[in-house]
Amino acid sequence: MNKQNNYSDDSIQVLEGLEAVRKRPGMYIGSTDKRGLHHLVYEIVDNSVDEVLNGYGNEIDVTINKDGSISIEDNGRGMPTGIHKSGKPTVEVIFTVLHAGGKFGQGGYKTSGGLHGVGASVVNALSEWLEVEIHRDGSIYHQSFKNGGSPSSGLVKKGKTKKTGTKVTFKPDDTIFKASTSFNFDVLSERLQESAFLLKNLKITLNDLRSGKERQEHYHYEEGIKEFVSYVNEGKEVLHDVATFSGEANGIEVDVAFQYNDQYSESILSFVNNVRTKDGGTHEVGFKTAMTRVFNDYARRINELKTKDKNL
């Protein structure tokens with residue numbers, strides 16, 4: 001094996017701004033295949049979901065446009081449109097500076113899954129172009145970016161409005177996503193439906209405007225995760241009605257719904273701040289431990305489990 005003997009001071013590179021994201025996109029979105037492509041959408045959607053989660057807005061519209069770009073629009077507060085302490089418009093900072101966001105300090109968000117700045121700037125870095133339109137304080141603001149995140153315009157006031165909210169439209173860069181930049185309606189549908197189940201006051205609409213693929217779906221579940229469990233158990237023999245309970249302690253809110261069926265394998269779906277934790281975690285382990293303890297205590301209290309019996 002040939003050895004590289006040119007490891008010197010000059011070998012050390014410093015990638016600044018969004019250049020690092022474009023150089024190693026997998027470090028930020030996992031991959032540049034279909035999964036990574038759709039992860040871009042989730043980053044922006046999660047920011048909109050966080051607005052709802054914190055009590056601002058109740059609608060999110062996701063639209064796959066005719067030109068292959070995608071738009072995510074919410075009726076939350078709208079991104080801040082003033083000048084950041086860095087001297088640049090705050091919107092520009094959010095979309096061009098890594099680790100700039102409203103969710104690291106105190107006051108902007110009580111709880112969050114997405115990260116304004118982290119998610120938005122990464123999406124911008126991996127896009128051919130991106131545009132943001134903001135409705136806030138009675139005015140409409142617009143700013144655009146191109147070629148992996150470079151501002152192509154300043155923040156411009158376009159007119160007046162009675163609405164509030166943010167709309168982000170972007171087209172993935174085909175030099176990054178070489179396999180495909182075409183969004184899959186069904187892949188997006190599954191994730192968006194999941195978000196609607198988790199927030200019962202949230203209404204999500206998914207539109208596809210592409211020629212020959214025109215389609216629209218609405219997601220709104222007034223009973224939240226209770227309906228989610230019923231959906232997961234569709235086609236199975238259930239043993240009882242869906243049981244639900246919720247509580248709050250030390251600033252942490254927990255919602256639980258469960259329903260036993262006649263299957264041999266369990267199906268547990270856990271989320272933190274409305275983001276799926278596919279690999280579980282201490283929150284899931286703790287839940288299973290607590291639930292087992294409660295069932296055993298109850299079984300012994302009603303004498304279904306005798307003193308000599310082992311725990312369930």
# chains A, B, ... in the order shown; residues from 1 in each chain; ligands from 1
call {"tool": "residues_around", "arguments": {"residues": "range 221-229 of chain A", "least_positions_apart": "3", "cutoff": "9 Å", "atoms": "only C-alpha atoms", "output": "list in words"}}
result
Glu194, Ala196, Phe197, Leu198, Leu199, Lys200, Asn201, Leu202, Lys203, Val232, Asn233, Glu234, Val242, Ala243, Thr244, Asp255, Val256, Ala257, Phe258 and Gln259 of chain A
call {"tool": "residues_around", "arguments": {"residues": "range 310-312 of chain A", "least_positions_apart": "4", "cutoff": "12 Å", "atoms": "only C-alpha atoms", "output": "JSON, numbers by chain"}}
result
{"A": [289, 291, 292, 293, 294, 295, 296, 297, 298, 299, 300, 304, 305, 306]}
call {"tool": "closest_residue", "arguments": {"among": "A:Met79, A:Val285, A:Ile72, A:Ile134", "to": "Phe170 in chain A", "atoms": "only C-alpha atoms"}}
result
A:Ile72
call {"tool": "select_by_dssp", "arguments": {"residues": "range 40-149 of chain A", "states": "helix (DSSP H, G or I)", "output": "list in words"}}
result
Leu40, Val41, Tyr42, Glu43, Ile44, Val45, Asp46, Asn47, Ser48, Val49, Asp50, Glu51, Val52, Leu53, Thr90, Val91, Glu92, Val93, Ile94, Phe95, Thr96, Val118, Gly119, Ala120, Ser121, Val122, Val123, Asn124 and Ala125 of chain A
call {"tool": "residues_around", "arguments": {"residues": "Phe145 in chain A", "least_positions_apart": "3", "cutoff": "12 Å", "atoms": "only C-alpha atoms", "output": "NGL selection string"}}
result
:A and (91-92 or 95-96 or 120-121 or 123-133 or 142 or 148-155 or 168-171)
call {"tool": "write_last_selection", "arguments": {"atoms": "C-alpha atoms", "output": "short mmCIF file (atom, residue, chain, number, x, y, z; two decimals), in the first residue's frame"}}
result
data_model
loop_
_atom_site.label_atom_id
_atom_site.label_comp_id
_atom_site.auth_asym_id
_atom_site.auth_seq_id
_atom_site.Cartn_x
_atom_site.Cartn_y
_atom_site.Cartn_z
CA VAL A 91 -33.49 35.90 8.20
CA GLU A 92 -30.15 35.82 6.39
CA PHE A 95 -30.40 30.59 6.50
CA THR A 96 -26.64 31.07 6.14
CA ALA A 120 -32.74 25.94 7.63
CA SER A 121 -29.10 26.69 6.85
CA VAL A 123 -31.35 22.97 3.58
CA ASN A 124 -30.18 26.22 2.01
CA ALA A 125 -26.64 24.88 1.59
CA LEU A 126 -27.90 21.81 -0.27
CA SER A 127 -30.32 23.67 -2.55
CA GLU A 128 -29.95 25.00 -6.08
CA TRP A 129 -32.05 27.93 -4.85
CA LEU A 130 -34.20 28.81 -1.87
CA GLU A 131 -36.76 31.53 -1.21
CA VAL A 132 -38.37 32.57 2.05
CA GLU A 133 -41.51 34.68 2.42
CA HIS A 142 -38.97 38.16 0.95
CA GLY A 148 -25.84 26.53 -2.21
CA GLY A 149 -26.89 29.33 0.08
CA SER A 150 -25.48 32.58 -1.30
CA PRO A 151 -27.92 35.50 -0.88
CA SER A 152 -29.23 36.61 -4.27
CA SER A 153 -31.25 39.42 -2.75
CA GLY A 154 -31.48 41.26 0.51
CA LEU A 155 -34.53 41.08 2.76
CA VAL A 168 -39.98 28.36 2.51
CA THR A 169 -39.57 27.15 -1.08
CA PHE A 170 -36.44 25.34 -2.25
CA LYS A 171 -35.14 23.14 -5.04
#
call {"tool": "residues_around", "arguments": {"residues": "Gln193 in chain A", "least_positions_apart": "2", "cutoff": "9 Å", "atoms": "only C-alpha atoms", "output": "ChimeraX atom specification"}}
result
/A:188-191,195-198,204,218-220
call {"tool": "write_last_selection", "arguments": {"atoms": "N, CA and C atoms", "output": "PDB file, in the first residue's frame"}}
result
ATOM      1  N   LEU A 188     -43.398  11.397   1.940  1.00  0.00           N
ATOM      2  CA  LEU A 188     -43.754  12.612   2.675  1.00  0.00           C
ATOM      3  C   LEU A 188     -45.062  12.430   3.433  1.00  0.00           C
ATOM      4  N   SER A 189     -46.012  11.752   2.808  1.00  0.00           N
ATOM      5  CA  SER A 189     -47.328  11.552   3.411  1.00  0.00           C
ATOM      6  C   SER A 189     -47.229  10.833   4.749  1.00  0.00           C
ATOM      7  N   GLU A 190     -46.408   9.788   4.791  1.00  0.00           N
ATOM      8  CA  GLU A 190     -46.274   9.011   6.028  1.00  0.00           C
ATOM      9  C   GLU A 190     -45.765   9.877   7.175  1.00  0.00           C
ATOM     10  N   ARG A 191     -44.751  10.676   6.901  1.00  0.00           N
ATOM     11  CA  ARG A 191     -44.162  11.529   7.944  1.00  0.00           C
ATOM     12  C   ARG A 191     -45.114  12.640   8.377  1.00  0.00           C
ATOM     13  N   SER A 195     -47.045  13.464  12.082  1.00  0.00           N
ATOM     14  CA  SER A 195     -47.021  14.742  12.809  1.00  0.00           C
ATOM     15  C   SER A 195     -48.421  15.203  13.171  1.00  0.00           C
ATOM     16  N   ALA A 196     -49.375  14.992  12.263  1.00  0.00           N
ATOM     17  CA  ALA A 196     -50.761  15.396  12.521  1.00  0.00           C
ATOM     18  C   ALA A 196     -51.385  14.555  13.628  1.00  0.00           C
ATOM     19  N   PHE A 197     -51.052  13.273  13.683  1.00  0.00           N
ATOM     20  CA  PHE A 197     -51.536  12.420  14.765  1.00  0.00           C
ATOM     21  C   PHE A 197     -51.041  12.936  16.122  1.00  0.00           C
ATOM     22  N   LEU A 198     -49.810  13.407  16.160  1.00  0.00           N
ATOM     23  CA  LEU A 198     -49.182  13.774  17.430  1.00  0.00           C
ATOM     24  C   LEU A 198     -49.672  15.104  17.985  1.00  0.00           C
ATOM     25  N   ILE A 204     -52.627  19.546   8.485  1.00  0.00           N
ATOM     26  CA  ILE A 204     -51.571  19.500   7.476  1.00  0.00           C
ATOM     27  C   ILE A 204     -52.174  19.133   6.127  1.00  0.00           C
ATOM     28  N   HIS A 218     -55.245  15.545   3.145  1.00  0.00           N
ATOM     29  CA  HIS A 218     -55.399  16.366   4.348  1.00  0.00           C
ATOM     30  C   HIS A 218     -55.240  15.479   5.579  1.00  0.00           C
ATOM     31  N   TYR A 219     -54.570  16.005   6.596  1.00  0.00           N
ATOM     32  CA  TYR A 219     -54.367  15.252   7.828  1.00  0.00           C
ATOM     33  C   TYR A 219     -54.771  16.118   9.019  1.00  0.00           C
ATOM     34  N   HIS A 220     -55.749  15.637   9.766  1.00  0.00           N
ATOM     35  CA  HIS A 220     -56.217  16.349  10.960  1.00  0.00           C
ATOM     36  C   HIS A 220     -56.925  15.333  11.842  1.00  0.00           C
TER      37      HIS A 220
END
call {"tool": "select_by_dssp", "arguments": {"residues": "range 23-188 of chain A", "states": "strand (DSSP E or B)", "output": "number ranges by chain"}}
result
A: 59-64, 70-74, 83, 89, 127-136, 139-146, 150-151, 156-160, 165-172
call {"tool": "closest_residue", "arguments": {"among": "A:Arg136, A:Arg210, A:Lys236, A:Lys162", "to": "Asn261 in chain A", "atoms": "only C-alpha atoms"}}
result
A:Lys236
call {"tool": "closest_residue", "arguments": {"among": "A:Lys167, A:Glu217, A:Asn250, A:Val275", "to": "Val49 in chain A", "atoms": "only C-alpha atoms"}}
result
A:Val275
call {"tool": "atom_distance", "arguments": {"atom1": "CA of Tyr42 in chain A", "atom2": "CA of Leu192 in chain A"}}
result
8.7 Å
call {"tool": "atom_distance", "arguments": {"atom1": "CA of Ile176 in chain A", "atom2": "CA of Leu209 in chain A"}}
result
23.9 Å
call {"tool": "residues_around", "arguments": {"residues": "Gly159 in chain A", "least_positions_apart": "3", "cutoff": "8 Å", "atoms": "only C-alpha atoms", "output": "PDB file with N, CA and C atoms, in the first residue's frame"}}
result
ATOM      1  N   SER A 139     -46.623  43.136   7.553  1.00  0.00           N
ATOM      2  CA  SER A 139     -45.882  43.282   6.297  1.00  0.00           C
ATOM      3  C   SER A 139     -45.444  41.927   5.749  1.00  0.00           C
ATOM      4  N   ILE A 140     -45.217  41.887   4.418  1.00  0.00           N
ATOM      5  CA  ILE A 140     -44.697  40.702   3.747  1.00  0.00           C
ATOM      6  C   ILE A 140     -43.231  40.952   3.414  1.00  0.00           C
ATOM      7  N   TYR A 141     -42.373  40.019   3.794  1.00  0.00           N
ATOM      8  CA  TYR A 141     -40.941  40.134   3.531  1.00  0.00           C
ATOM      9  C   TYR A 141     -40.491  38.960   2.657  1.00  0.00           C
TER      10      TYR A 141
END
